[in-house]
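Remarks on the structure that follows.
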Amino acid sequence: MSQRLAKGGRLIDRTKPLTFTFNSTRYTGFAGDTLASALLGTGKSLLGRSFKYHRPRGLVASGVEEPNVLVNLGEGDRLEPDQRATTTELFDGAVAASQNHWPSLAFDVGAINDYAYRMFPAGFYYKTFMVSTWAWHKIFEPIVRQAAGLGAAPRRADPDRYEQAYAYCDVLVAGGGVAGLMAALKAAKEGKRVILAEQTAHWGGRAPVDGGEIEGMAPEAWVKKTLEVLGAMDNVRLMTRTMVAGVHDHGYVIVYERVADHTPGDDRPRHRLWRVRAGVTKVATGAIERPLAFAGNDIPGVMLASAVRDYIVNWAVSPGEEIIVVTNNDDAYRTALAALKAGLKVIAVLDARPTANGPLAEAVKAKGVRVMPGHAVSKVRGKSKVVAVEICKQESAGEVVEVLGCDVVAMSGGWSPVVHLYSHAGGKVLWDEAAAMFRPDPARPPTGDKAQPIAEVVGAANGALTLTALCAEAGLAGGAEAEAPLAPVWVMPAKAKDKLKFKAFLDFQNDVKVSDVQLAAREGYASVEHTKRYTTLGMATDQGKLSNINGLAVLSEALGQPIPQTGTTTFRPPYTPISFGAITGEARGEIFQPLRKTPMHGWHETHGVHWEPVGLWRRPYTYPRAGEGHRDSVNREIVNTRTNVGLLDASTLGKIVVNGPDAGKFLDMMYTNMMSTLPVGKCRYGLMCSDNGFLIDDGVVVRLSEDTWLCHTTSGGADHIHAHMEDWLQCEWWDWKVYTANLTEEYAQIAVVGPKARMLLEKLGGMDVSKEALPFMTFKEGELGGFPVRIYRISFSGELSYEIAVPANMGLALWEKLNEAGAAFSAMPYGTEALHVMRAEKGFIMIGDETDGTVIPQDLGLGWAISKKKEDYLGKRAQARVHMTDPDRWTLVGLETLDGSVLPDGVYAVDEGVNENNQRKVQGRVTSTYYSPVLNKGIAMGLVKHGPSRMGEVLDFPADNGVVIKARICDPVFYDKAGEKADV
Amino acid sequence: MSEMMTGAVSPLNGKTIATGFATVAEVGLKGMVSLRADLGSKALAKALKALGLKTPAPREIVTEGGRSVAWMSPDELLVLCGYAEAAGVATDLEKALAKEHALVANVSDARAMFTVAGARADEVLMKLCPVDFAALKPGEMRRTRSAQVAAALWRSGPEELSLICFRSVAGYVMGLLEVSSRKGGEIS
Amino acid sequence: MLTLTCPYCGVTVEETELYPGGEAHLKRFGPGSTDAEFESYMFARKNPKGVHFERWRHAYGCGKWFLAARDTVTWEVFGTYSAQTPEPPAALVATIKQKRPGWEGWK
Ligand SMILES: [Zn+2]
């Protein structure tokens with residue numbers, strides 16, 4: 001029976017009781033408790049069930065390595081699954097529930113799996129997949145899905161706020177134990193900028209629990225003094241509740257601060273993800289105690305020896321009253337001493353080593369405790385709670401020599417340095433045979449941009465497992481009791497029979513046993529990485545903190561080769577799980593990603609706009625009125641524009657100025673057309689290709705002056721076309737005198753389109769916009785209605801059209817004025833869909849519709865826009881390649897259905913026969929397809945093999961539901977073929 | 001000139017948020033002239049002198065008499081001035097550099113400018129920009145990234161940072177600054 | 001996430017402020033070149049395990065392209081230099097040769 005002890009508890013404040021609920025029952029703990037210590041303090045030991053066999057599970061550890069007690073924490077929109085009870089600080093009103101059981105923790109139907117363990121051997125999933133896909137889908141998957149899964153996912157949006165921050169330092173110390181404090185103090189005194197991060201809420205690590213002396217002081221006093229010194233230094237940032245998650249290349253370190261987990265709802269960001277650039281990371285992450293593999297080592301009440309004494313010393317809770325310690329080393333004797341000091345009973349110490357007479361063992365013996373060298377656990381008795389231990393000789397198959405009653409088994413298989421951070425960016429570890437552990441290889445650290453080490457390891461993480469070794473490493477006086485060497489014992493007893501190995505767990509969370517790893521070895525798995533995946537060892541949310549080394553040792557033994565030859569596992573960030581909220585940071589809701597707005601954005605919003613995303617821009621798709629569907633409003637906008645006048649917000653159009661004595665020569669390289677010959681004041685439609693020949697952008701180029709051109713690009717293309725130009729200028733033709741400037745956002749641009757466009761502009765007044773003063777494909781600067789403007793006579797609709805550029809800050813005012821003045825001419829705004837339909841009616845191509853990165857201008861009948869005179873332009877050489885000049889390339893044509901319906905987008909025209917893959921041959925596809933309200937029928941463009949020479953031919957387009965649509969090849973210009981409407 | 005400025009409104013019309021641990025504000029209309037030229041040119045030095053300024057060193061921003069000029073790249077400067085005078089400044093610079101290969105553009109309307117003010121101003125931008133603010137000196141122009149968009153920032157006062165971004169993302173940047181300066185988010 | 005020093009700004013920036021541009025020192029082949037020449041320019045790229053010359057653009061800064069020599073395995077950066085450099089500077093090549101005696105050279 002676990003309980004709160006009457007005295008002690010260095011981390012709890014008994015004057016501050018806190019109320020919490022677990023599985024709907026209210027309990028009380030104290031300020032300073034973790035959820036784990038508070039639960040133990042209520043007398044609970046069965047706290048969860050395992051993932052695969054649903055076996056009863058209790059706490060094994062006291063820190064981040066805890067594999068079993070994961071809870072659903074919080075309720076409603078603050079529900080969070082898989083929270084480790086050992087790292088959850090208790091707060092008033094905390095609500096937690098156990099996971100992985102149905103219908104209740106005490107009675108779990110899934111526990112039947114436990115009796116069927118022979119049906120779930122290592123590689124269960126792999127083997128099941130191999131049976132048949134039918135069996136997997138129909139039988140196994142539904143059952144596995146029902147039984148699997150840890151916590152419940154929250155269903156509502158997270159109400160908390162998260163953020164990220166950047167930090168820079170010379171030295172980042174990961175771990176606020178004694179070694180970390182020593183490293184931080186040394187660096188700080190050298191004047192370095194230091195960040196010291198400790199994952200728990202407390203400084204000092206294990207030393208205050210384990211005892212000893214540093215510089216003549218008890219560890220606790222030394223920690224306090226050192227913190228005072230560090231706290232007074234400007235060059236040091238001290239951070240608790242802050243876990244160093246990963247060390248990456250060039251000293252980039254991800255650090256996870258749990259700002260307000262313990263104070264929910266206090267208006268602070270819950271988590272903060274630090275993106276630290278550190279000169280060097282001092283890895284002072286300590287070590288983690290290893291369990292021992294014996295039968296029944298997962299029964300609640302079997303715990304790590306260090307965890308038992310942590311709970312006693314830190315939180316004054318004991319997992320029971322009668323303790324048996326089982327160990328292969330001296331350190332575990334400290335647990336016996338701590339238990340005795342707290343008034344608990346230590347029944348025996350089973351020491352797997354032949355002798356046990358180090359100072360710690362002698363101290364335990366002196367208190368009258370029975371120490372049994374050469375002995376081991378054969379099997380732990382109990383179901384949901386330890387009741388006794390069957391004892392055997394370590395060098396045996398498990399024959400029971402004695403049975404002793406107890407309610408706690410404190411086990412220790414030695415310690416593994418936490419080398420994760422050293423390994424993340426490529427640091428190597430080596431096997432220390434004497435100490436039976438992997439330790440960092442100082443000769444092979446992770447390196448940075450100058451080949452310098454970016455991580456160094458200190459303290460227990462470096463294999464300095466005792467306070468004596470750690471003080472010696474730091475050059476300080478101090479230490480603790482001497483310890484005799486451990487024996488590398490992984491499995492108990494040494495020759496355990498199968499029956500015992502079936503219940504000897506390596507990975508508690510994923511239910512991987514000694515027998516599973518041995519089976520994997522027999523089935524030919526020789527690589528530890530493959531074995532991990534086959535058995536799922538170390539692949540649970542704890543990432544094998546307790547199981548990796550033990551599993552590796554068992555595999556090595558089974559393969560009959562030393563541990564280093566079997567390999568090490570790869571450590572990957574994050575060290576412990578971090579929240580999605582922290583990864584997301586500020587990027588959610590309105591600022592999930594940048595939303596680019598034109599100056600008229602707000603106006604569109606208040607006028608019923610339906611938006612279309614175009615890159616990061618939002619453009620009006622259409623402006624539906626009351627009672628209109630989108631199709632209705634699009635049709636209305638088209639008809640009105642073609643009949644009266646329409647207004648389009650064209651501000652997103654790219655506008656790049658190119659200037660200099662070599663600007664003409666440069667643009668001749670950029671465009672397939674000749675731009676150097678464009679007269680000043682004129683506009684010319686141009687095509688841009690990559691040097692691989694494919695069409696990447698199009699737009700109207702304007703010659704502003706003798707040495708200055710303005711290049712319009714597509715809305716999505718402004719930034720990358722500007723970058724494309726700069727790339728060629730900087731990296732290929734750097735001796736050419738050309739400057740570019742991306743002025744896209746300097747101007748709002750408004751297209752005034754339709755037969756009444758001129759009348760509207762004349763009403764605003766200030767400029768002569770007649771055909772004579774401002775002919776088609778020219779531009780003019782001046783003042784329109786009091787606004788400084790530049791007007792281009794260009795048309796993407798086939799109508800009389802003026803595109804007006806005005807300084808962006810005045811864009812809204814001009815737009816409003818045009819709408820207001822336009823009322824007399826039935827002016828209406830129109831959106832991108834109307835724009836698309838009108839350009840398709842005119843047979844104009846659209847980048848991204850007619851092009852897809854594999855289309856060259858020649859495919860689109862745009863040969864007229866390709867200069868034959870130029871020796872070179874980007875794409876010219878590529879367009880001469882065999883495949884590009886193939887007469888069988890699909891070419892642009894118009895398509896009209898025989899029944900006037902609208903072709904589905906993207907459908908293929910089929911051909912006779914099948915290809916080498918037995919698929920129906922195709923001979924073309926639809927690239928743009930719309931309903932034309934002006935022509936009252938469907939219109940389309942497409943790329944068709946030998947298209948232009950097959951006018952009038954009818955093609956078959958199979959659509960989704962088996963229907964074949966017939967469409968005739970025609971001229972892609974459907975509206976105003978003579979082009980009389982624009983040039984008026 | 002004033003007539004020609006009918007209805008000019010800055011992207012966020014001077015929006016200010018003073019409820020956080022630092023005050024964030026869009027500064028309203030601001031004149032900006034982009035200049036690409038040979039930065040070693042004597043004509044350029046002379047033209048800047050006429051504005052009361054001098055050619056800045058790499059990554060420097062020079063402020064004098066309400067105007068500033070910042071180094072933006074090895075062949076690009078940005079002149080900051082009053083909104084109403086920007087067109088005139090651009091014309092003067094163009095004239096002064098008429099005989100050289102240079103590109104002058106009034107970009108006043110293409111940008112938005114913000115200030116972040118208060119003793120904890122740095123902490124707001126620490127959350128958004130991969131910049132070591134402890135190493136950012138007065139008079140240094142830093143072009144960088146603010147979350148997902150380009151930004152240029154500098155120390156414009158003892159407890160004030162200024163930041164320029166593109167006009168279209170002014171609302172996004174204001175959102176970033178607001179959430180990053182919210183009370184409770186102080187970095188202790 | 002790597003850091004590189006922009007040779008124009010003199011500031012060390014992180015990868016998120018940069019835009020990668022692939023292999024450096026390519027020679028463009030245009031009209032008149034053979035199919036083999038064009039193929040080598042357009043499609044053939046080195047993918048060395050070790051010393052590599054790359055193009056990077058200081059996209060969130062000065063906007064300029066620059067070149068970097070680095071080790072693709074160890075992430076050591078040997079140097080950054082102006083994009084207006086037809087071949088790696090001799091001093092840089094010498095440094096790399098000293099650090100990587102087995103390196104076959106940049107071509
Ligand atoms: Zn730069």
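Each chain in the structure tokens gets a letter, A, B and so on, in the order shown; residues start at 1 in every chain, and ligands are counted from 1 in the order they appear.
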Per residue of chain C within 6 Å of chain A, note the shortest atom pair and the distance in Å to one decimal, counting only C-alpha atoms, and order the rows by chain and increasing residue number, as CSV.
```
residue,atom,partner,partner_atom,distance
C:Met1,CA,A:Asp249,CA,5.5
C:Leu2,CA,A:His250,CA,5.5
C:Gly30,CA,A:Arg877,CA,5.3
C:Pro31,CA,A:Arg877,CA,4.6
C:Trp75,CA,A:Asp449,CA,5.9
C:Glu76,CA,A:Asp449,CA,4.2
C:Val77,CA,A:Asp449,CA,5.0
C:Ala83,CA,A:Cys731,CA,5.8
```
Exercise for the section: For Val458 in chain A, list every protein, DNA or RNA residue within 9 Å, evaluated using only C-alpha atoms, and leave out those in the same chain fewer than 3 positions away; present the list as a PyMOL selection string. Expected result: chain A and resi 179-180+183+282-286+461-464+470+473-474
Can I get the selection written as a compact mmCIF listing (two decimals), in the first residue's frame, with all heavy atoms?
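The file below, out-v8.txt, is the result:
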```txt
# COMPACT_ATOMS: atom_id res chain seq x y z
N ALA A 179 26.47 18.73 -12.61
CA ALA A 179 27.43 18.87 -13.72
C ALA A 179 27.08 20.07 -14.60
O ALA A 179 27.95 20.81 -15.04
CB ALA A 179 27.45 17.60 -14.56
N GLY A 180 25.79 20.26 -14.85
CA GLY A 180 25.36 21.39 -15.68
C GLY A 180 25.64 22.71 -14.99
O GLY A 180 26.10 23.68 -15.63
N ALA A 183 29.31 23.43 -15.26
CA ALA A 183 29.69 23.85 -16.62
C ALA A 183 29.23 25.27 -16.90
O ALA A 183 29.96 26.08 -17.50
CB ALA A 183 29.09 22.89 -17.64
N LYS A 282 26.73 22.19 -24.08
CA LYS A 282 27.31 21.32 -23.05
C LYS A 282 26.21 20.36 -22.62
O LYS A 282 25.20 20.76 -22.05
CB LYS A 282 27.75 22.15 -21.84
CG LYS A 282 28.87 23.12 -22.14
CD LYS A 282 30.22 22.46 -21.93
CE LYS A 282 31.33 23.50 -22.12
NZ LYS A 282 32.65 22.88 -22.10
N VAL A 283 26.42 19.11 -22.96
CA VAL A 283 25.40 18.11 -22.68
C VAL A 283 25.61 17.60 -21.26
O VAL A 283 26.56 16.88 -20.97
CB VAL A 283 25.48 16.96 -23.70
CG1 VAL A 283 24.42 15.91 -23.41
CG2 VAL A 283 25.34 17.50 -25.11
N ALA A 284 24.73 18.04 -20.35
CA ALA A 284 24.82 17.64 -18.95
C ALA A 284 23.50 16.98 -18.57
O ALA A 284 22.83 17.36 -17.62
CB ALA A 284 25.10 18.87 -18.08
N THR A 285 23.15 16.00 -19.39
CA THR A 285 21.80 15.44 -19.30
C THR A 285 21.73 14.23 -18.39
O THR A 285 20.69 13.57 -18.32
CB THR A 285 21.32 15.05 -20.71
OG1 THR A 285 22.39 14.38 -21.39
CG2 THR A 285 20.94 16.27 -21.51
N GLY A 286 22.84 13.91 -17.68
CA GLY A 286 22.78 12.84 -16.68
C GLY A 286 22.70 11.45 -17.27
O GLY A 286 23.16 11.21 -18.39
N ALA A 461 26.32 12.11 -18.06
CA ALA A 461 26.12 11.88 -19.49
C ALA A 461 27.42 11.49 -20.16
O ALA A 461 27.45 10.85 -21.22
CB ALA A 461 25.54 13.12 -20.16
N ASN A 462 28.52 11.88 -19.54
CA ASN A 462 29.85 11.56 -20.06
C ASN A 462 30.40 10.30 -19.41
O ASN A 462 31.57 9.98 -19.56
CB ASN A 462 30.78 12.75 -19.80
CG ASN A 462 32.04 12.68 -20.64
OD1 ASN A 462 32.03 12.11 -21.73
ND2 ASN A 462 33.12 13.23 -20.12
N GLY A 463 29.58 9.60 -18.64
CA GLY A 463 30.02 8.38 -17.98
C GLY A 463 30.58 8.60 -16.58
O GLY A 463 30.98 7.65 -15.93
N ALA A 464 30.62 9.86 -16.14
CA ALA A 464 31.05 10.15 -14.77
C ALA A 464 29.84 9.96 -13.86
O ALA A 464 29.17 10.90 -13.47
CB ALA A 464 31.59 11.57 -14.67
N LEU A 470 32.38 12.92 -11.08
CA LEU A 470 31.87 14.16 -11.66
C LEU A 470 32.63 15.38 -11.13
O LEU A 470 33.00 16.29 -11.88
CB LEU A 470 30.40 14.20 -11.29
CG LEU A 470 29.42 15.18 -11.83
CD1 LEU A 470 28.05 14.53 -11.78
CD2 LEU A 470 29.43 16.42 -11.01
N GLU A 473 36.04 15.41 -12.69
CA GLU A 473 35.97 15.89 -14.07
C GLU A 473 35.94 17.42 -14.11
O GLU A 473 36.58 18.05 -14.96
CB GLU A 473 34.70 15.33 -14.73
CG GLU A 473 34.49 15.72 -16.17
CD GLU A 473 33.07 15.39 -16.64
OE1 GLU A 473 32.12 16.08 -16.21
OE2 GLU A 473 32.92 14.45 -17.42
N ALA A 474 35.21 18.02 -13.16
CA ALA A 474 35.09 19.48 -13.15
C ALA A 474 36.22 20.16 -12.38
O ALA A 474 36.29 21.38 -12.31
CB ALA A 474 33.74 19.87 -12.55
```
Taking only C-alpha atoms and all ligand atoms into account, list the residues no farther than 12 Å from ligand 1, as a short mmCIF file (atom, residue, chain, number, x, y, z; two decimals) with N, CA, C and O atoms, in the first residue's frame.
```cif
data_model
loop_
_atom_site.label_atom_id
_atom_site.label_comp_id
_atom_site.auth_asym_id
_atom_site.auth_seq_id
_atom_site.Cartn_x
_atom_site.Cartn_y
_atom_site.Cartn_z
N PRO B 58 28.16 49.53 -45.55
CA PRO B 58 27.34 48.32 -45.59
C PRO B 58 26.57 48.09 -44.28
O PRO B 58 27.12 48.23 -43.19
N ARG B 59 25.32 47.81 -44.40
CA ARG B 59 24.38 47.52 -43.30
C ARG B 59 24.14 48.73 -42.38
O ARG B 59 23.55 48.59 -41.32
N TRP B 71 21.58 51.31 -46.21
CA TRP B 71 22.25 50.39 -47.14
C TRP B 71 21.40 49.14 -47.23
O TRP B 71 21.13 48.49 -46.23
N MET B 72 20.96 48.79 -48.42
CA MET B 72 20.09 47.62 -48.59
C MET B 72 20.81 46.46 -49.27
O MET B 72 20.46 45.30 -49.07
N SER B 73 21.76 46.79 -50.11
CA SER B 73 22.55 45.75 -50.78
C SER B 73 23.75 46.47 -51.40
O SER B 73 23.82 47.70 -51.33
N PRO B 74 24.71 45.74 -51.96
CA PRO B 74 25.91 46.41 -52.46
C PRO B 74 25.62 47.46 -53.54
O PRO B 74 26.49 48.29 -53.82
N ASP B 75 24.43 47.42 -54.14
CA ASP B 75 24.13 48.44 -55.14
C ASP B 75 22.74 49.04 -54.93
O ASP B 75 22.08 49.44 -55.87
N GLU B 76 22.30 49.06 -53.69
CA GLU B 76 20.97 49.57 -53.42
C GLU B 76 20.88 50.31 -52.10
O GLU B 76 21.39 49.85 -51.08
N MET B 141 21.16 48.54 -40.09
CA MET B 141 19.96 48.09 -40.80
C MET B 141 20.08 46.60 -40.97
O MET B 141 21.05 46.10 -41.52
N ARG B 142 19.07 45.87 -40.51
CA ARG B 142 19.12 44.41 -40.66
C ARG B 142 17.95 43.98 -41.54
O ARG B 142 16.80 44.19 -41.20
N ARG B 143 18.29 43.40 -42.68
CA ARG B 143 17.24 42.83 -43.52
C ARG B 143 17.14 41.36 -43.14
O ARG B 143 18.15 40.66 -43.06
N THR B 144 15.94 40.91 -42.90
CA THR B 144 15.76 39.55 -42.43
C THR B 144 14.35 39.09 -42.73
O THR B 144 13.69 39.59 -43.65
N LEU C 4 25.31 30.50 -43.17
CA LEU C 4 26.35 30.93 -44.10
C LEU C 4 26.55 32.44 -43.93
O LEU C 4 25.60 33.15 -43.56
N THR C 5 27.75 32.90 -44.21
CA THR C 5 28.02 34.32 -44.12
C THR C 5 27.91 34.94 -45.52
O THR C 5 28.62 34.54 -46.43
N CYS C 6 27.00 35.89 -45.65
CA CYS C 6 26.83 36.55 -46.94
C CYS C 6 28.06 37.42 -47.19
O CYS C 6 28.38 38.28 -46.38
N PRO C 7 28.76 37.20 -48.31
CA PRO C 7 29.98 37.97 -48.54
C PRO C 7 29.71 39.45 -48.80
O PRO C 7 30.63 40.26 -48.72
N TYR C 8 28.48 39.81 -49.10
CA TYR C 8 28.15 41.22 -49.35
C TYR C 8 27.77 41.94 -48.07
O TYR C 8 28.23 43.04 -47.80
N CYS C 9 26.89 41.30 -47.27
CA CYS C 9 26.41 41.92 -46.05
C CYS C 9 27.37 41.69 -44.89
O CYS C 9 27.34 42.42 -43.89
N GLY C 10 28.17 40.61 -44.97
CA GLY C 10 29.06 40.30 -43.87
C GLY C 10 28.34 39.77 -42.65
O GLY C 10 28.88 39.72 -41.56
N VAL C 11 27.10 39.38 -42.82
CA VAL C 11 26.33 38.89 -41.68
C VAL C 11 26.10 37.40 -41.87
O VAL C 11 25.90 36.92 -42.99
N THR C 12 26.20 36.67 -40.75
CA THR C 12 25.98 35.23 -40.80
C THR C 12 24.50 34.97 -40.58
O THR C 12 23.94 35.37 -39.57
N VAL C 13 23.90 34.33 -41.56
CA VAL C 13 22.46 34.15 -41.50
C VAL C 13 22.11 32.67 -41.56
O VAL C 13 22.92 31.85 -41.97
N GLU C 14 20.90 32.36 -41.13
CA GLU C 14 20.50 30.95 -41.14
C GLU C 14 19.80 30.58 -42.43
O GLU C 14 19.38 31.45 -43.21
N GLU C 17 16.82 32.21 -44.18
CA GLU C 17 16.94 33.51 -44.82
C GLU C 17 17.57 33.38 -46.21
O GLU C 17 17.78 34.37 -46.90
N LEU C 18 17.88 32.16 -46.58
CA LEU C 18 18.58 31.92 -47.84
C LEU C 18 17.71 31.11 -48.79
O LEU C 18 16.75 30.47 -48.38
N TYR C 19 18.10 31.15 -50.05
CA TYR C 19 17.41 30.35 -51.06
C TYR C 19 18.49 29.54 -51.79
O TYR C 19 19.47 30.12 -52.25
N TRP C 56 23.92 30.10 -53.45
CA TRP C 56 22.93 30.48 -52.45
C TRP C 56 22.55 31.94 -52.67
O TRP C 56 23.39 32.74 -53.04
N ARG C 57 21.29 32.26 -52.41
CA ARG C 57 20.86 33.66 -52.53
C ARG C 57 20.46 34.16 -51.15
O ARG C 57 19.72 33.50 -50.42
N HIS C 58 20.97 35.31 -50.80
CA HIS C 58 20.59 35.94 -49.53
C HIS C 58 19.20 36.56 -49.73
O HIS C 58 19.04 37.77 -49.82
N ALA C 59 18.21 35.67 -49.81
CA ALA C 59 16.87 36.05 -50.28
C ALA C 59 16.17 37.02 -49.34
O ALA C 59 15.48 37.93 -49.78
N TYR C 60 16.31 36.80 -48.04
CA TYR C 60 15.65 37.69 -47.08
C TYR C 60 16.58 38.80 -46.62
O TYR C 60 16.34 39.44 -45.61
N GLY C 61 17.65 39.02 -47.35
CA GLY C 61 18.57 40.08 -47.01
C GLY C 61 18.83 40.94 -48.24
O GLY C 61 17.91 41.49 -48.82
N CYS C 62 20.08 40.97 -48.69
CA CYS C 62 20.44 41.87 -49.78
C CYS C 62 19.93 41.39 -51.14
O CYS C 62 20.00 42.11 -52.13
N GLY C 63 19.45 40.14 -51.19
CA GLY C 63 18.91 39.64 -52.46
C GLY C 63 19.97 39.16 -53.43
O GLY C 63 19.66 38.82 -54.57
N LYS C 64 21.22 39.18 -53.00
CA LYS C 64 22.31 38.80 -53.92
C LYS C 64 22.62 37.31 -53.84
O LYS C 64 22.56 36.69 -52.78
N TRP C 65 22.98 36.78 -54.99
CA TRP C 65 23.49 35.41 -55.06
C TRP C 65 24.94 35.41 -54.61
O TRP C 65 25.68 36.35 -54.91
N PHE C 66 25.33 34.37 -53.90
CA PHE C 66 26.75 34.18 -53.62
C PHE C 66 27.06 32.69 -53.72
O PHE C 66 26.15 31.87 -53.91
N LEU C 67 28.32 32.35 -53.63
CA LEU C 67 28.73 30.95 -53.76
C LEU C 67 29.35 30.48 -52.45
O LEU C 67 29.92 31.26 -51.70
N THR C 80 32.68 31.42 -48.34
CA THR C 80 31.66 31.95 -49.25
C THR C 80 32.32 33.07 -50.05
O THR C 80 33.24 33.72 -49.57
N TYR C 81 31.84 33.27 -51.28
CA TYR C 81 32.45 34.29 -52.12
C TYR C 81 31.44 34.76 -53.16
O TYR C 81 30.38 34.16 -53.34
N SER C 82 31.79 35.83 -53.80
CA SER C 82 30.92 36.50 -54.76
C SER C 82 30.49 35.57 -55.90
O SER C 82 31.25 34.70 -56.35
N ALA C 83 29.26 35.75 -56.35
CA ALA C 83 28.76 34.95 -57.48
C ALA C 83 29.44 35.33 -58.79
O ALA C 83 29.38 34.58 -59.76
#
```
Problem - Polymer residues at most 12 Å from Asp498 in chain A, only C-alpha atoms, same-chain spacing of 6 or more positions, as a list of chain:residue names - result: A:Phe294, A:Ala295, A:Ser378, A:Ala397, A:Gly398, A:Met492, A:Ala504, A:Lys513, A:Val514, A:Ser515, A:Asp516, A:Gln518, A:Leu519
Practice task
Compile the residues of chain A that lie within 7 Å of chain B, evaluated using only C-alpha atoms, and express the compilation as a ChimeraX atom specification.
Solution key: /A:164-168,267-269,591,594-598,659-660,739,745-746,786-788,807-810,813
Practice task
Enumerate, as a ChimeraX atom specification, the complete set of residues in chain C that a backbone-based DSSP assignment places in strand (DSSP E or B).
Solution key: /C:3-5,12-14,19-23,51-57,65-71,77-82
Kindly save the residues from that selection, with C-alpha atoms included, as an mmCIF file, in the first residue's frame.
```cif
data_model
loop_
_atom_site.group_PDB
_atom_site.id
_atom_site.type_symbol
_atom_site.label_atom_id
_atom_site.label_comp_id
_atom_site.auth_asym_id
_atom_site.auth_seq_id
_atom_site.Cartn_x
_atom_site.Cartn_y
_atom_site.Cartn_z
ATOM 1 C CA THR C 3 24.372 29.093 -41.438
ATOM 2 C CA LEU C 4 26.352 30.933 -44.095
ATOM 3 C CA THR C 5 28.019 34.323 -44.122
ATOM 4 C CA THR C 12 25.976 35.230 -40.795
ATOM 5 C CA VAL C 13 22.456 34.151 -41.498
ATOM 6 C CA GLU C 14 20.504 30.954 -41.136
ATOM 7 C CA TYR C 19 17.414 30.346 -51.057
ATOM 8 C CA PRO C 20 19.371 27.410 -52.494
ATOM 9 C CA GLY C 21 20.434 27.426 -56.133
ATOM 10 C CA GLY C 22 22.212 24.119 -56.670
ATOM 11 C CA GLU C 23 25.632 23.530 -58.129
ATOM 12 C CA VAL C 51 33.450 19.018 -51.003
ATOM 13 C CA HIS C 52 30.767 20.817 -52.983
ATOM 14 C CA PHE C 53 30.403 24.263 -54.525
ATOM 15 C CA GLU C 54 26.918 25.695 -54.313
ATOM 16 C CA ARG C 55 24.874 28.742 -55.199
ATOM 17 C CA TRP C 56 22.929 30.479 -52.447
ATOM 18 C CA ARG C 57 20.864 33.657 -52.527
ATOM 19 C CA TRP C 65 23.488 35.415 -55.056
ATOM 20 C CA PHE C 66 26.754 34.176 -53.619
ATOM 21 C CA LEU C 67 28.729 30.949 -53.765
ATOM 22 C CA ALA C 68 29.688 28.629 -50.948
ATOM 23 C CA ALA C 69 32.120 25.749 -50.662
ATOM 24 C CA ARG C 70 31.169 23.211 -48.048
ATOM 25 C CA ASP C 71 31.400 19.564 -47.088
ATOM 26 C CA VAL C 77 31.943 25.526 -44.634
ATOM 27 C CA PHE C 78 35.244 26.311 -46.332
ATOM 28 C CA GLY C 79 34.185 29.736 -47.485
ATOM 29 C CA THR C 80 31.663 31.949 -49.248
ATOM 30 C CA TYR C 81 32.451 34.290 -52.118
ATOM 31 C CA SER C 82 30.917 36.495 -54.765
#
```
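Those residues of range 86-183 of chain B that DSSP, working from the backbone, places in alpha helix (DSSP H) are Ala86, Ala87, Gly88, Val89, Ala90, Thr91, Asp92, Leu93, Glu94, Lys95, Ala96, Ala121, Asp122, Glu123, Val124, Leu125, Met126, Ala170, Gly171, Tyr172, Val173, Met174, Gly175, Leu176, Leu177, Glu178, Val179 and Ser180 of chain B.
CA of Gly479 in chain A is positioned 26.7 Å from CA of Ile12 in chain A.
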Fill in the blank from the handout: Nearest to chain B, restricted to only C-alpha atoms and choosing among C:Phe43, C:Glu15, C:Thr72, C:Ser33, comes out as C:Glu15
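Note that CA of Gly82 in chain B and CA of Lys30 in chain B are 5.6 Å apart.
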